[in-house]
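**Student:** Dropping a structure here in structure tokens format, bear with me for questions.
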Amino acid sequence: MSVYNSLDSITEELHKCMKCGNCMAVCPIYKETRQEVGVARGKISLVEYLLSGEIEMTERLADRFSLCTTCMACNTNCPCGVRFDKIILAARAEAVRKKGLHPVKKIAFTALKMQRMFDFGMKTGSLFQGVALKHVPHKSDRIARMRFDIGIGTDKVFPMLASKTLRSEFPEVVKVKNPKMRVAFFTGCMINYFYTDIGKAVVEVLKENDIEVVIPKGQGCCGIPASVNGDVASASALAKRNLRAFEKLGADALVVACSSGGTAWKHVFGELLENDPEFKALADKWAGKSYDISEFLIHKVPFKKQGLGRVDRKVTYHDPCHLNRGQGINKEPREILKSIPGVTLIEMKEPGRCCGMAGSFSLVHPDLSVQISDRKTADIELTHTDTVATGCPACRLQLKSGVENAGIEEEVLHTIQILAESYRAGKNN
Amino acid sequence: MLAREVLQELIQVLGAENVLTEQEDLLTYAYDATAAMKHHKPDVVVSPLSTEQVAEVVKIAVRHNIPIYPRGSGTNLSGGTIPTKGGIVLSMLNLNKILEIDQDNLTATVQPGVIIQALNDEVLKLGLLYPPDPGTVTTATMGGSLSECSGGLRGLKYGVTKHYIMGLQIVLANGEVIRWGGKTVKNVTGYDLVALFTGAEGTLGIVTEIIVKLIPSPEARKSILAVFDDVDKAGKAIASIIRNKIIPATLEIMDNVTIQTVEHFVHAGLPLDAEAVLLIEVDGYKEVVEREAVLVEQILKDEQAVEVKIAKDDKERDLLWLARRSALPALAQKRPTTVLEDATVPRSKIPDMLKAIRRIADKHNLNIATFGHAGDGNLHPTILTDERDQDEMKRVHLAVDEIFQTAISLGGTLSGEHGIGIAKMKYLDWEFGEAGVAALRRIKEALDPNYLLNPGKIVRRD
Ligand SMILES: Cc1cc2nc3c(=O)[nH]c(=O)nc-3n(C[C@H](O)[C@H](O)[C@H](O)COP(=O)(O)OP(=O)(O)OC[C@H]3O[C@@H](n4cnc5c(N)ncnc54)[C@H](O)[C@@H]3O)c2cc1C
Ligand code: SF4
Ligand code: SF4
Ligand code: SF4
């Protein structure tokens with residue numbers, strides 16, 4: 001019985017909560033609203049009332065369950081070991097079973113539709129963007145703002161759709177001379193459609209380390225935007241599609257460069273497909289050989305240190321929630337950054353505090369998302385660095401939007417881009 | 001349900017965004033951190049932004065005769081914020097500004113919604129300290145901890161919340177605003193209402209501004225762990241330290257059940273067969289701390305500690321305190337319901353109390369772990385149980401009764417720091433007698449004749 005199919009699956013998890021309120025100290029939403037419903041304890045009590053029959057699932061209740069960035073900070077601070085991440089997923093899945101998807105998400109973010117919309121955008125190219133987005137001149141990032149408010153505010157800065165998707169720029173198998181390994185690359189949506197520069201850096205670094213890269217054309221969205229919002233059916237369909245695509249080409253390992261993609265391959269696919277023996281076995285097999293790119297380069301195939309050239313950057317690193325708390329990866333990216341000549345790493349206050357993006361959370365609660373982001377931006381500004389590194393394209397989007405709106409000169413990059421830059425610098429010398 | 005006109009009046013004063021009326025919000029203010037307590041849904045939750053708004057809310061409540069339940073972070077352990085009669089929950093969390101830090105007078109002036117740790121983060125930058133440190137420093141509010149007169153780990157040397165409250169602004173039950181006390185160390189003008197409102201659990205007035213005393217932050221500190229194979233020896237060691245005129249900042253004890261649970265949880269190197277461990281910290285000037293640490297070590301050895309360990313550096317110190325800080329979390333993970341009491345006895349009676357608790361646990365076949373602030377006699381017998389098991393819960397209640405009886409018969413008190421609230425109201429006459437309870441009631445009725453402020457707490461209406 002998984003959290004996606006039944007609310008009863010979390011009864012024991014709920015009983016663990018002693019209502020001590022320790023979660024209040026770390027919840028990014030509660031920090032802004034100071035209302036009990038924002039914090040884990042409040043939502044846990046609502047689920048309890050729901051289970052005891054004191055209240056019913058209503059649209060208003062579903063709204064309350066949308067108040068969570070799923071940052072997992074409460075998990076870490078909970079003395080009783082309550083896995084609130086499980087509770088919120090189960091509550092949202094129940095909300096969708098009873099009340100359907102939230103309207104904003106329905107329009108823009110049903111996972112399957114999202115992909116179609118992006119593909120459409122790619123075909124019509126600048127036409128789509130010209131209508132909706134206004135280009136913001138900027139030296140390094142191709143970014144834009146909403147021209148008109150479609151209910152998500154016009155403050156958010158978006159990356160421009162790439163002129164070509166990442167997957168169309170590479171063959172399915174990128175060969176190297178003496179391959180020591182064959183590694184599959186799961187790109188994820190954001191890297192495929194928007195931040196192709198991250199994807200190119202991943203391929204570049206892997207090739208530099210004599211690794212053959214497989215990029216299956218048949219892959220799609222990881223399905224996390226769907227599963228965290230309770231759309232279990234779409235998420236399961238996507239999980240199967242991805243498993244099929246990767247199984248077809250095969251590989252010794254799989255790497256991702258986005259935090260939700262990593263969570264999907266390592267945990268979520270298996271949970272979604274637990275009642276489908278054939279796919280469950282497949283999901284488990286791939287879960288065992290899935291790595292975040294920084295994890296892969298530190299633990300699986302230690303990356304080449306010779307040939308690293310000088311990169312003069314003062315860098316601060318933001319920990320993506322689902323990489324740090326979700327997968328326990330926080331030392332690896334820092335280790336990579338520290339080994340690059342010329343890079344100084346300066347830590348910000350609370351690098352692990354959520355940036356407030358959380359996928360569609362920022363669409364449903366734009367004001368809250370911006371408030372949370374503003375705290376992050378202020379912390380970044382205090383470091384007096386020139387670069388923010390992070391391990392997730394979604395965080396990159398949010399962080400970029402934050403520093404841009406605050407008028408701070410700061411480049412926002414994925415760690416792997418800085419490593420690629422260093423290899424490049426090594427060659428030019 | 002409140003009349004529409006009441007809600008309209010509240011909205012007019014506070015703005016719609018600060019008035020919650022949907023049941024999905026109201027239900028999240030129906031409980032607090034107290035275990036095994038029935039929840040009650042309020043009719044409305046309001047979050048004022050100023051003292052004037054608080055006063056207006058009180059006046060509306062008076063006009064319509066509606067109870068008001070003040071609330072900080074809702075972390076109290078005595079049912080103090082549960083709105084048993086419905087009505088208005090008054091959330092103080094939006095009054096969250098530090099108004100002034102006065103380095104010349106060593107005071108800070110804060111609004112009640114400031115989180116304790118937030119104040120300490122600010123004053124620490126100036127080398128100052130606000131010592132009261134309940135286990136909830138990172139979540140509890142200044143107003144809530146003032147109203148419970150919270151204690152914490154540093155009580156032995158530094159005292160508790162009431163020793164740091166110098167002045168208050170209070171909204172009375174009729175909506176009038178008064179100020180009492182101030183920044184002067186000496187003040188004997190009129191009755192000491194500052195003392196009266198400290199620990200009043202929101203039953204006498206609503207606190208809207210607090211002036212607290214600050215002290216210079218100690219320069220150095222040193223931690224010591226001592227292991228005992230016998231509770232009495234640990235008790236004698238505690239007495240001996242104090243008799244030798246050393247007042248540690250912290251003097252904590254853990255019993256065998258706690259030690260076993262903690263050790264399995266964090267692996268801090270505690271001996272599983274120990275009957276008690278003491279954790280001691282001395283602080284102050286560097287030279288003094290060095291001397292006191294050596295003295296304490298000698299005393300502990302003289303009192304037949306099986307093992308004495310002085311933390312050599314911050315890392316070792318952190319490991320020792322991790323063990324203590326993990327006590328409650330570790331215990332809480334063993335069973336779904338954790339009933340945490342705070343019966344308190346004179347420190348010389350600690351061994352008697354520990355043994356009595358062990359007897360009570362055996363008698364009722366319960367799992368009770370005890371840890372706490374041995375230096376100030378404040379123990380936390382913690383009953384590990386499951387709210388769903390009705391038979392066991394009956395035995396839990398019997399055991400709690402007996403724990404309180406024992407504490408009082410040893411010359412102690414019902415509550416050292418968690419307050420009376422609903423949870424301990426029925427035991428009051430054991431400690432005060434009928435006449436004492438009647439005196440309490442007369443004070444309540446003098447200040448709040450219609451029982452509008454936090455009714456159903458501390459004082460029962462006849
Ligand atoms: C895990 C855990 C550990 C704890 N450890 C300790 C400890 O070591 N020592 C200790 O002493 N306590 C401890 N406590 C108890 C609790 O943390 C304290 O009592 C705390 O200070 C309460 O603060 P709060 O802001 O949550 O107040 P609340 O719980 O919101 O309120 C407490 C009382 O104050 C009243 N109140 C709140 N604000 C106002 C105001 N502005 N004016 C008038 N009345 C008001 C309320 O009506 C209520 O009666 C612990 C609790 C937990 C859950
Ligand atoms: S910290 Fe954990 S146990 Fe405490 S209220 Fe939050 S979820 Fe519950
Ligand atoms: S996951 Fe993050 S946002 Fe959600 S309740 Fe926990 S701390 Fe708050
Ligand atoms: S975008 Fe990044 S920081 Fe923000 S919620 Fe997601 S993982 Fe956390």
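If you're wondering about the labels, chains in the structure tokens are A, B, ... by order shown, residues count from 1 in each chain, ligands from 1 in order shown.
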For range 232-249 of chain B, please output as a VMD selection string all residues within 10 Å (counting only C-alpha atoms; exclusion window: fewer than 6 positions along the same chain).
**Tutor:** chain B and resid 153 to 159 221 to 223 226 275 to 278 280 to 284 289 292 to 293 295 to 305 347 to 352 354 to 355 374 to 375
**Student:** Write out as a compact mmCIF listing (two decimals) with C-alpha atoms, in the first residue's frame each polymer residue whose atoms come within 10 Å of range 105-109 of chain B, counting only C-alpha atoms; drop sequence neighbours fewer than 3 positions from it.
**Tutor:**
# COMPACT_ATOMS: atom_id res chain seq x y z
CA LYS B 97 9.28 42.93 16.72
CA ILE B 98 12.28 43.48 18.95
CA LEU B 99 11.62 47.12 19.83
CA GLU B 100 14.86 48.03 21.57
CA ILE B 101 18.10 46.60 22.94
CA ASP B 102 19.46 48.96 25.59
CA PRO B 112 5.19 39.05 22.78
CA LEU B 119 16.04 37.67 20.71
CA VAL B 123 21.68 40.21 21.81
CA LEU B 128 24.76 39.68 25.84
CA LEU B 129 22.45 36.84 26.84
CA TYR B 130 18.80 36.27 27.74
CA TYR B 164 14.30 38.35 33.86
CA ILE B 165 10.99 40.16 33.47
CA MET B 166 11.28 43.84 34.45
CA GLY B 167 8.29 45.52 32.90
CA LEU B 168 5.08 44.78 31.05
CA GLY B 182 10.27 49.30 33.67
CA LYS B 183 14.01 49.46 33.15
CA THR B 184 14.94 50.16 36.77
CA VAL B 185 16.45 47.36 38.83
CA GLU B 209 5.07 44.41 25.44
CA ILE B 210 7.83 42.98 27.61
CA ILE B 211 10.97 44.54 29.07
CA VAL B 212 13.52 41.86 29.95
CA LYS B 213 16.85 41.88 31.75
CA LEU B 214 19.98 40.83 29.84
CA ILE B 215 23.29 39.66 31.24
CA PRO B 216 26.81 39.58 29.81
**Student:** Nearest to ligand 4: which of A:Asn229, A:Thr187, A:Thr316, A:Thr70 is it, counting only C-alpha atoms and all ligand atoms?
**Tutor:** A:Thr70
**Student:** List all protein, DNA and RNA residues that have an atom no more than 8 Å from any atom of ligand 2, counting only C-alpha atoms and all ligand atoms, and report them as a list in words.
**Tutor:**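 Using only C-alpha atoms and all ligand atoms, I find these residues within 8 Å of ligand 2: Lys16, Cys17, Met18, Lys19, Cys20, Gly21, Asn22, Cys23, Met24, Val39, Ala40, Arg41, Ile44, Cys74, Asn75, Asn77, Cys78, Pro79, Cys80, Gly81, Val82, Arg83 and Phe84 of chain A; Ala33 of chain B.
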**Student:** Residues of chain B within 8 Å of chain A, counting only C-alpha atoms, what are they? List them as a PyMOL selection string.
**Tutor:** chain B and resi 24-25+27-29+32-35+73-75+93-94+136+138-139+328-330+332-333+335-338
**Student:** Could you save the residues just selected, with N, CA and C atoms, as a compact mmCIF listing (two decimals), in the first residue's frame?
**Tutor:**
# COMPACT_ATOMS: atom_id res chain seq x y z
N GLU B 24 -11.23 24.81 8.13
CA GLU B 24 -9.94 24.20 7.81
C GLU B 24 -8.79 24.95 8.49
N ASP B 25 -8.99 26.24 8.78
CA ASP B 25 -7.99 26.98 9.53
C ASP B 25 -8.25 26.85 11.03
N LEU B 27 -9.55 24.59 12.82
CA LEU B 27 -9.21 23.31 13.44
C LEU B 27 -7.72 23.18 13.77
N THR B 28 -6.90 24.01 13.11
CA THR B 28 -5.47 23.92 13.42
C THR B 28 -5.11 24.75 14.66
N TYR B 29 -6.11 25.34 15.28
CA TYR B 29 -5.88 26.04 16.55
C TYR B 29 -6.65 25.36 17.68
N ASP B 32 -2.75 22.00 21.34
CA ASP B 32 -1.38 22.49 21.51
C ASP B 32 -0.47 21.28 21.70
N ALA B 33 0.69 21.45 22.33
CA ALA B 33 1.64 20.34 22.39
C ALA B 33 1.32 19.32 23.49
N THR B 34 0.24 19.52 24.22
CA THR B 34 -0.08 18.63 25.34
C THR B 34 -0.61 17.29 24.84
N ALA B 35 -0.06 16.20 25.39
CA ALA B 35 -0.46 14.86 24.94
C ALA B 35 -1.82 14.47 25.50
N SER B 73 3.05 30.24 20.34
CA SER B 73 3.33 29.19 19.36
C SER B 73 2.60 27.88 19.67
N GLY B 74 1.84 27.85 20.75
CA GLY B 74 1.11 26.62 21.07
C GLY B 74 2.01 25.44 21.37
N THR B 75 3.12 25.69 22.09
CA THR B 75 4.01 24.57 22.45
C THR B 75 3.89 24.20 23.92
N LEU B 93 1.30 36.12 17.18
CA LEU B 93 2.52 35.92 16.37
C LEU B 93 2.86 37.07 15.44
N ASN B 94 1.88 37.92 15.11
CA ASN B 94 2.22 39.05 14.25
C ASN B 94 2.80 40.23 15.02
N THR B 136 12.21 24.52 23.91
CA THR B 136 11.57 25.05 22.72
C THR B 136 12.09 26.44 22.34
N THR B 138 13.74 27.62 20.04
CA THR B 138 13.66 28.00 18.62
C THR B 138 12.23 28.13 18.13
N THR B 139 11.25 27.77 18.97
CA THR B 139 9.86 27.87 18.51
C THR B 139 8.97 28.69 19.43
N LEU B 328 14.45 13.44 25.01
CA LEU B 328 13.03 13.46 24.66
C LEU B 328 12.75 12.86 23.28
N PRO B 329 13.47 13.29 22.23
CA PRO B 329 13.24 12.68 20.92
C PRO B 329 13.38 11.16 20.94
N ALA B 330 14.42 10.68 21.61
CA ALA B 330 14.65 9.24 21.62
C ALA B 330 13.49 8.53 22.30
N ALA B 332 10.48 9.70 22.66
CA ALA B 332 9.24 9.92 21.91
C ALA B 332 9.08 8.94 20.75
N GLN B 333 10.20 8.43 20.24
CA GLN B 333 10.09 7.52 19.10
C GLN B 333 9.74 6.10 19.50
N ARG B 335 7.22 5.02 21.61
CA ARG B 335 5.78 4.77 21.59
C ARG B 335 5.09 6.00 21.01
N PRO B 336 3.87 5.84 20.49
CA PRO B 336 3.21 6.97 19.84
C PRO B 336 2.88 8.14 20.78
N THR B 337 2.56 7.87 22.06
CA THR B 337 2.15 8.95 22.94
C THR B 337 3.19 9.14 24.06
N THR B 338 3.57 10.41 24.26
CA THR B 338 4.59 10.71 25.25
C THR B 338 4.00 11.67 26.27
**Student:** Name the residues of range 38-69 of chain B that fall into alpha helix (DSSP H) according to DSSP on the backbone, using the chain letters and numbers of this document, as a list of chain:residue names.
**Tutor:**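 Going through range 38-69 of chain B, the alpha helix (DSSP H) residues come out as B:Thr51, B:Glu52, B:Gln53, B:Val54, B:Ala55, B:Glu56, B:Val57, B:Val58, B:Lys59, B:Ile60, B:Ala61, B:Val62, B:Arg63, B:His64.
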**Student:** List all protein, DNA and RNA residues that have an atom no more than 9 Å from any atom of ligand 4, counting only C-alpha atoms and all ligand atoms, and report them as a ChimeraX atom specification.
**Tutor:** /A:69-72,258-260,318-324,326,352-359,361,373,390-399
**Student:** Excluding same-chain residues fewer than 6 positions from Ala343 in chain B, what lies within 7 Å of it counting only C-alpha atoms, as an NGL selection string?
**Tutor:** :B and (378-379 or 404 or 407 or 413-416)
**Student:** Would you please work out which residue, of B:Glu402, B:Asp462, B:Glu341, B:Asp362, is nearest to ligand 1 when using only C-alpha atoms and all ligand atoms?
**Tutor:** B:Glu341
**Student:** Write out as a PDB file with N, CA, C and O atoms, in the first residue's frame each polymer residue (protein, DNA or RNA) that has an atom no more than 6 Å from ligand 1, with only C-alpha atoms and all ligand atoms counted.
**Tutor:**
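selection.pdb, freshly written:
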ATOM      1  N   CYS A  20       4.686  18.621  18.995  1.00  0.00           N
ATOM      2  CA  CYS A  20       5.619  19.445  19.756  1.00  0.00           C
ATOM      3  C   CYS A  20       5.851  20.795  19.094  1.00  0.00           C
ATOM      4  O   CYS A  20       6.257  21.747  19.739  1.00  0.00           O
TER       5      CYS A  20
ATOM      6  N   ALA B  33       0.686  21.449  22.333  1.00  0.00           N
ATOM      7  CA  ALA B  33       1.638  20.338  22.390  1.00  0.00           C
ATOM      8  C   ALA B  33       1.315  19.322  23.492  1.00  0.00           C
ATOM      9  O   ALA B  33       2.051  18.353  23.672  1.00  0.00           O
ATOM     10  N   TYR B  69      -8.869  33.336  23.955  1.00  0.00           N
ATOM     11  CA  TYR B  69      -7.756  32.444  24.279  1.00  0.00           C
ATOM     12  C   TYR B  69      -6.477  32.968  23.648  1.00  0.00           C
ATOM     13  O   TYR B  69      -6.258  32.792  22.448  1.00  0.00           O
ATOM     14  N   PRO B  70      -5.598  33.622  24.444  1.00  0.00           N
ATOM     15  CA  PRO B  70      -4.333  34.098  23.875  1.00  0.00           C
ATOM     16  C   PRO B  70      -3.460  32.909  23.500  1.00  0.00           C
ATOM     17  O   PRO B  70      -3.467  31.879  24.171  1.00  0.00           O
ATOM     18  N   ARG B  71      -2.704  33.068  22.416  1.00  0.00           N
ATOM     19  CA  ARG B  71      -1.861  31.970  21.954  1.00  0.00           C
ATOM     20  C   ARG B  71      -0.562  32.505  21.366  1.00  0.00           C
ATOM     21  O   ARG B  71      -0.570  33.443  20.577  1.00  0.00           O
ATOM     22  N   GLY B  72       0.541  31.887  21.777  1.00  0.00           N
ATOM     23  CA  GLY B  72       1.836  32.177  21.153  1.00  0.00           C
ATOM     24  C   GLY B  72       2.074  31.123  20.096  1.00  0.00           C
ATOM     25  O   GLY B  72       1.359  31.053  19.101  1.00  0.00           O
ATOM     26  N   SER B  73       3.046  30.241  20.338  1.00  0.00           N
ATOM     27  CA  SER B  73       3.327  29.187  19.363  1.00  0.00           C
ATOM     28  C   SER B  73       2.601  27.884  19.668  1.00  0.00           C
ATOM     29  O   SER B  73       2.760  26.896  18.944  1.00  0.00           O
ATOM     30  N   GLY B  74       1.842  27.852  20.751  1.00  0.00           N
ATOM     31  CA  GLY B  74       1.114  26.622  21.071  1.00  0.00           C
ATOM     32  C   GLY B  74       2.010  25.442  21.373  1.00  0.00           C
ATOM     33  O   GLY B  74       1.730  24.319  20.979  1.00  0.00           O
ATOM     34  N   THR B  75       3.117  25.688  22.092  1.00  0.00           N
ATOM     35  CA  THR B  75       4.008  24.571  22.450  1.00  0.00           C
ATOM     36  C   THR B  75       3.892  24.196  23.924  1.00  0.00           C
ATOM     37  O   THR B  75       4.672  23.387  24.416  1.00  0.00           O
ATOM     38  N   ASN B  76       2.947  24.810  24.640  1.00  0.00           N
ATOM     39  CA  ASN B  76       2.870  24.509  26.070  1.00  0.00           C
ATOM     40  C   ASN B  76       2.388  23.080  26.288  1.00  0.00           C
ATOM     41  O   ASN B  76       1.773  22.466  25.415  1.00  0.00           O
ATOM     42  N   LEU B  77       2.677  22.565  27.489  1.00  0.00           N
ATOM     43  CA  LEU B  77       2.407  21.157  27.775  1.00  0.00           C
ATOM     44  C   LEU B  77       1.342  20.987  28.857  1.00  0.00           C
ATOM     45  O   LEU B  77       1.322  19.995  29.562  1.00  0.00           O
ATOM     46  N   GLY B  80      -2.791  24.767  27.896  1.00  0.00           N
ATOM     47  CA  GLY B  80      -3.026  26.181  28.165  1.00  0.00           C
ATOM     48  C   GLY B  80      -3.655  26.974  27.035  1.00  0.00           C
ATOM     49  O   GLY B  80      -4.283  28.003  27.282  1.00  0.00           O
ATOM     50  N   THR B  81      -3.503  26.527  25.801  1.00  0.00           N
ATOM     51  CA  THR B  81      -4.046  27.322  24.693  1.00  0.00           C
ATOM     52  C   THR B  81      -5.275  26.682  24.050  1.00  0.00           C
ATOM     53  O   THR B  81      -5.801  27.198  23.069  1.00  0.00           O
ATOM     54  N   MET B  92      -0.767  35.847  18.878  1.00  0.00           N
ATOM     55  CA  MET B  92       0.113  36.995  19.122  1.00  0.00           C
ATOM     56  C   MET B  92       1.302  37.011  18.159  1.00  0.00           C
ATOM     57  O   MET B  92       2.198  37.848  18.291  1.00  0.00           O
ATOM     58  N   PRO B 112       5.327  40.408  22.254  1.00  0.00           N
ATOM     59  CA  PRO B 112       5.186  39.047  22.781  1.00  0.00           C
ATOM     60  C   PRO B 112       5.376  37.935  21.745  1.00  0.00           C
ATOM     61  O   PRO B 112       5.671  36.802  22.109  1.00  0.00           O
ATOM     62  N   PRO B 134      14.012  27.203  27.619  1.00  0.00           N
ATOM     63  CA  PRO B 134      13.232  25.963  27.543  1.00  0.00           C
ATOM     64  C   PRO B 134      13.639  25.179  26.298  1.00  0.00           C
ATOM     65  O   PRO B 134      14.223  25.744  25.381  1.00  0.00           O
ATOM     66  N   GLY B 135      13.311  23.879  26.298  1.00  0.00           N
ATOM     67  CA  GLY B 135      13.649  23.035  25.160  1.00  0.00           C
ATOM     68  C   GLY B 135      13.111  23.559  23.839  1.00  0.00           C
ATOM     69  O   GLY B 135      13.517  23.108  22.771  1.00  0.00           O
ATOM     70  N   THR B 136      12.215  24.523  23.913  1.00  0.00           N
ATOM     71  CA  THR B 136      11.575  25.055  22.715  1.00  0.00           C
ATOM     72  C   THR B 136      12.088  26.443  22.342  1.00  0.00           C
ATOM     73  O   THR B 136      11.366  27.199  21.703  1.00  0.00           O
ATOM     74  N   ALA B 140       9.211  28.679  20.744  1.00  0.00           N
ATOM     75  CA  ALA B 140       8.295  29.331  21.682  1.00  0.00           C
ATOM     76  C   ALA B 140       8.437  30.850  21.648  1.00  0.00           C
ATOM     77  O   ALA B 140       9.504  31.380  21.351  1.00  0.00           O
ATOM     78  N   THR B 141       7.344  31.546  21.968  1.00  0.00           N
ATOM     79  CA  THR B 141       7.363  33.001  21.959  1.00  0.00           C
ATOM     80  C   THR B 141       7.737  33.550  23.335  1.00  0.00           C
ATOM     81  O   THR B 141       7.631  32.869  24.349  1.00  0.00           O
ATOM     82  N   GLY B 143       6.040  35.903  24.796  1.00  0.00           N
ATOM     83  CA  GLY B 143       4.776  36.046  25.540  1.00  0.00           C
ATOM     84  C   GLY B 143       4.320  34.733  26.149  1.00  0.00           C
ATOM     85  O   GLY B 143       3.842  34.686  27.284  1.00  0.00           O
ATOM     86  N   GLY B 144       4.459  33.651  25.404  1.00  0.00           N
ATOM     87  CA  GLY B 144       4.058  32.338  25.894  1.00  0.00           C
ATOM     88  C   GLY B 144       4.969  31.864  27.013  1.00  0.00           C
ATOM     89  O   GLY B 144       4.503  31.355  28.037  1.00  0.00           O
ATOM     90  N   SER B 145       6.275  32.055  26.854  1.00  0.00           N
ATOM     91  CA  SER B 145       7.188  31.561  27.889  1.00  0.00           C
ATOM     92  C   SER B 145       7.071  32.432  29.139  1.00  0.00           C
ATOM     93  O   SER B 145       7.192  31.927  30.254  1.00  0.00           O
ATOM     94  N   SER B 147       4.271  33.744  30.084  1.00  0.00           N
ATOM     95  CA  SER B 147       2.995  33.369  30.691  1.00  0.00           C
ATOM     96  C   SER B 147       3.052  31.996  31.360  1.00  0.00           C
ATOM     97  O   SER B 147       2.228  31.694  32.219  1.00  0.00           O
ATOM     98  N   GLU B 148       4.017  31.150  30.935  1.00  0.00           N
ATOM     99  CA  GLU B 148       4.212  29.867  31.613  1.00  0.00           C
ATOM    100  C   GLU B 148       5.330  29.970  32.641  1.00  0.00           C
ATOM    101  O   GLU B 148       5.597  29.007  33.352  1.00  0.00           O
ATOM    102  N   SER B 150       8.564  29.907  31.913  1.00  0.00           N
ATOM    103  CA  SER B 150       9.357  28.757  31.486  1.00  0.00           C
ATOM    104  C   SER B 150      10.705  28.695  32.175  1.00  0.00           C
ATOM    105  O   SER B 150      11.286  29.726  32.519  1.00  0.00           O
ATOM    106  N   GLY B 151      11.176  27.476  32.350  1.00  0.00           N
ATOM    107  CA  GLY B 151      12.510  27.271  32.905  1.00  0.00           C
ATOM    108  C   GLY B 151      13.443  26.832  31.804  1.00  0.00           C
ATOM    109  O   GLY B 151      13.444  27.406  30.725  1.00  0.00           O
ATOM    110  N   GLY B 152      14.202  25.767  32.062  1.00  0.00           N
ATOM    111  CA  GLY B 152      15.121  25.292  31.042  1.00  0.00           C
ATOM    112  C   GLY B 152      16.341  24.709  31.701  1.00  0.00           C
ATOM    113  O   GLY B 152      16.318  24.354  32.880  1.00  0.00           O
ATOM    114  N   GLU B 201      -0.503  32.495  32.678  1.00  0.00           N
ATOM    115  CA  GLU B 201      -1.069  31.675  31.601  1.00  0.00           C
ATOM    116  C   GLU B 201      -2.215  32.362  30.856  1.00  0.00           C
ATOM    117  O   GLU B 201      -3.178  31.720  30.443  1.00  0.00           O
ATOM    118  N   GLY B 202      -2.111  33.662  30.705  1.00  0.00           N
ATOM    119  CA  GLY B 202      -3.121  34.374  29.927  1.00  0.00           C
ATOM    120  C   GLY B 202      -4.483  34.451  30.584  1.00  0.00           C
ATOM    121  O   GLY B 202      -5.466  34.790  29.929  1.00  0.00           O
ATOM    122  N   GLY B 205      -4.708  38.806  31.952  1.00  0.00           N
ATOM    123  CA  GLY B 205      -4.559  39.944  31.058  1.00  0.00           C
ATOM    124  C   GLY B 205      -3.761  39.491  29.852  1.00  0.00           C
ATOM    125  O   GLY B 205      -3.224  38.380  29.836  1.00  0.00           O
ATOM    126  N   ILE B 206      -3.688  40.363  28.847  1.00  0.00           N
ATOM    127  CA  ILE B 206      -2.936  39.995  27.650  1.00  0.00           C
ATOM    128  C   ILE B 206      -1.694  40.865  27.562  1.00  0.00           C
ATOM    129  O   ILE B 206      -1.773  42.092  27.593  1.00  0.00           O
ATOM    130  N   VAL B 207      -0.568  40.218  27.494  1.00  0.00           N
ATOM    131  CA  VAL B 207       0.707  40.922  27.499  1.00  0.00           C
ATOM    132  C   VAL B 207       1.023  41.388  26.087  1.00  0.00           C
ATOM    133  O   VAL B 207       1.017  40.590  25.144  1.00  0.00           O
ATOM    134  N   THR B 208       1.308  42.685  25.925  1.00  0.00           N
ATOM    135  CA  THR B 208       1.567  43.201  24.581  1.00  0.00           C
ATOM    136  C   THR B 208       2.968  43.782  24.423  1.00  0.00           C
ATOM    137  O   THR B 208       3.385  44.113  23.317  1.00  0.00           O
ATOM    138  N   GLU B 417       7.708  23.997  35.628  1.00  0.00           N
ATOM    139  CA  GLU B 417       7.859  24.925  34.500  1.00  0.00           C
ATOM    140  C   GLU B 417       6.814  24.777  33.403  1.00  0.00           C
ATOM    141  O   GLU B 417       6.769  25.584  32.502  1.00  0.00           O
ATOM    142  N   HIS B 418       5.981  23.765  33.424  1.00  0.00           N
ATOM    143  CA  HIS B 418       5.035  23.587  32.318  1.00  0.00           C
ATOM    144  C   HIS B 418       3.676  24.231  32.561  1.00  0.00           C
ATOM    145  O   HIS B 418       2.850  24.295  31.668  1.00  0.00           O
TER     146      HIS B 418
END
**Student:** Find the spatial neighbours of Thr344 in chain A, counting only C-alpha atoms, within a cut-off of 12 Å - ignore same-chain residues fewer than 6 positions away - and output them as a PyMOL selection string.
**Tutor:** chain A and resi 310-317+334-338+383-389
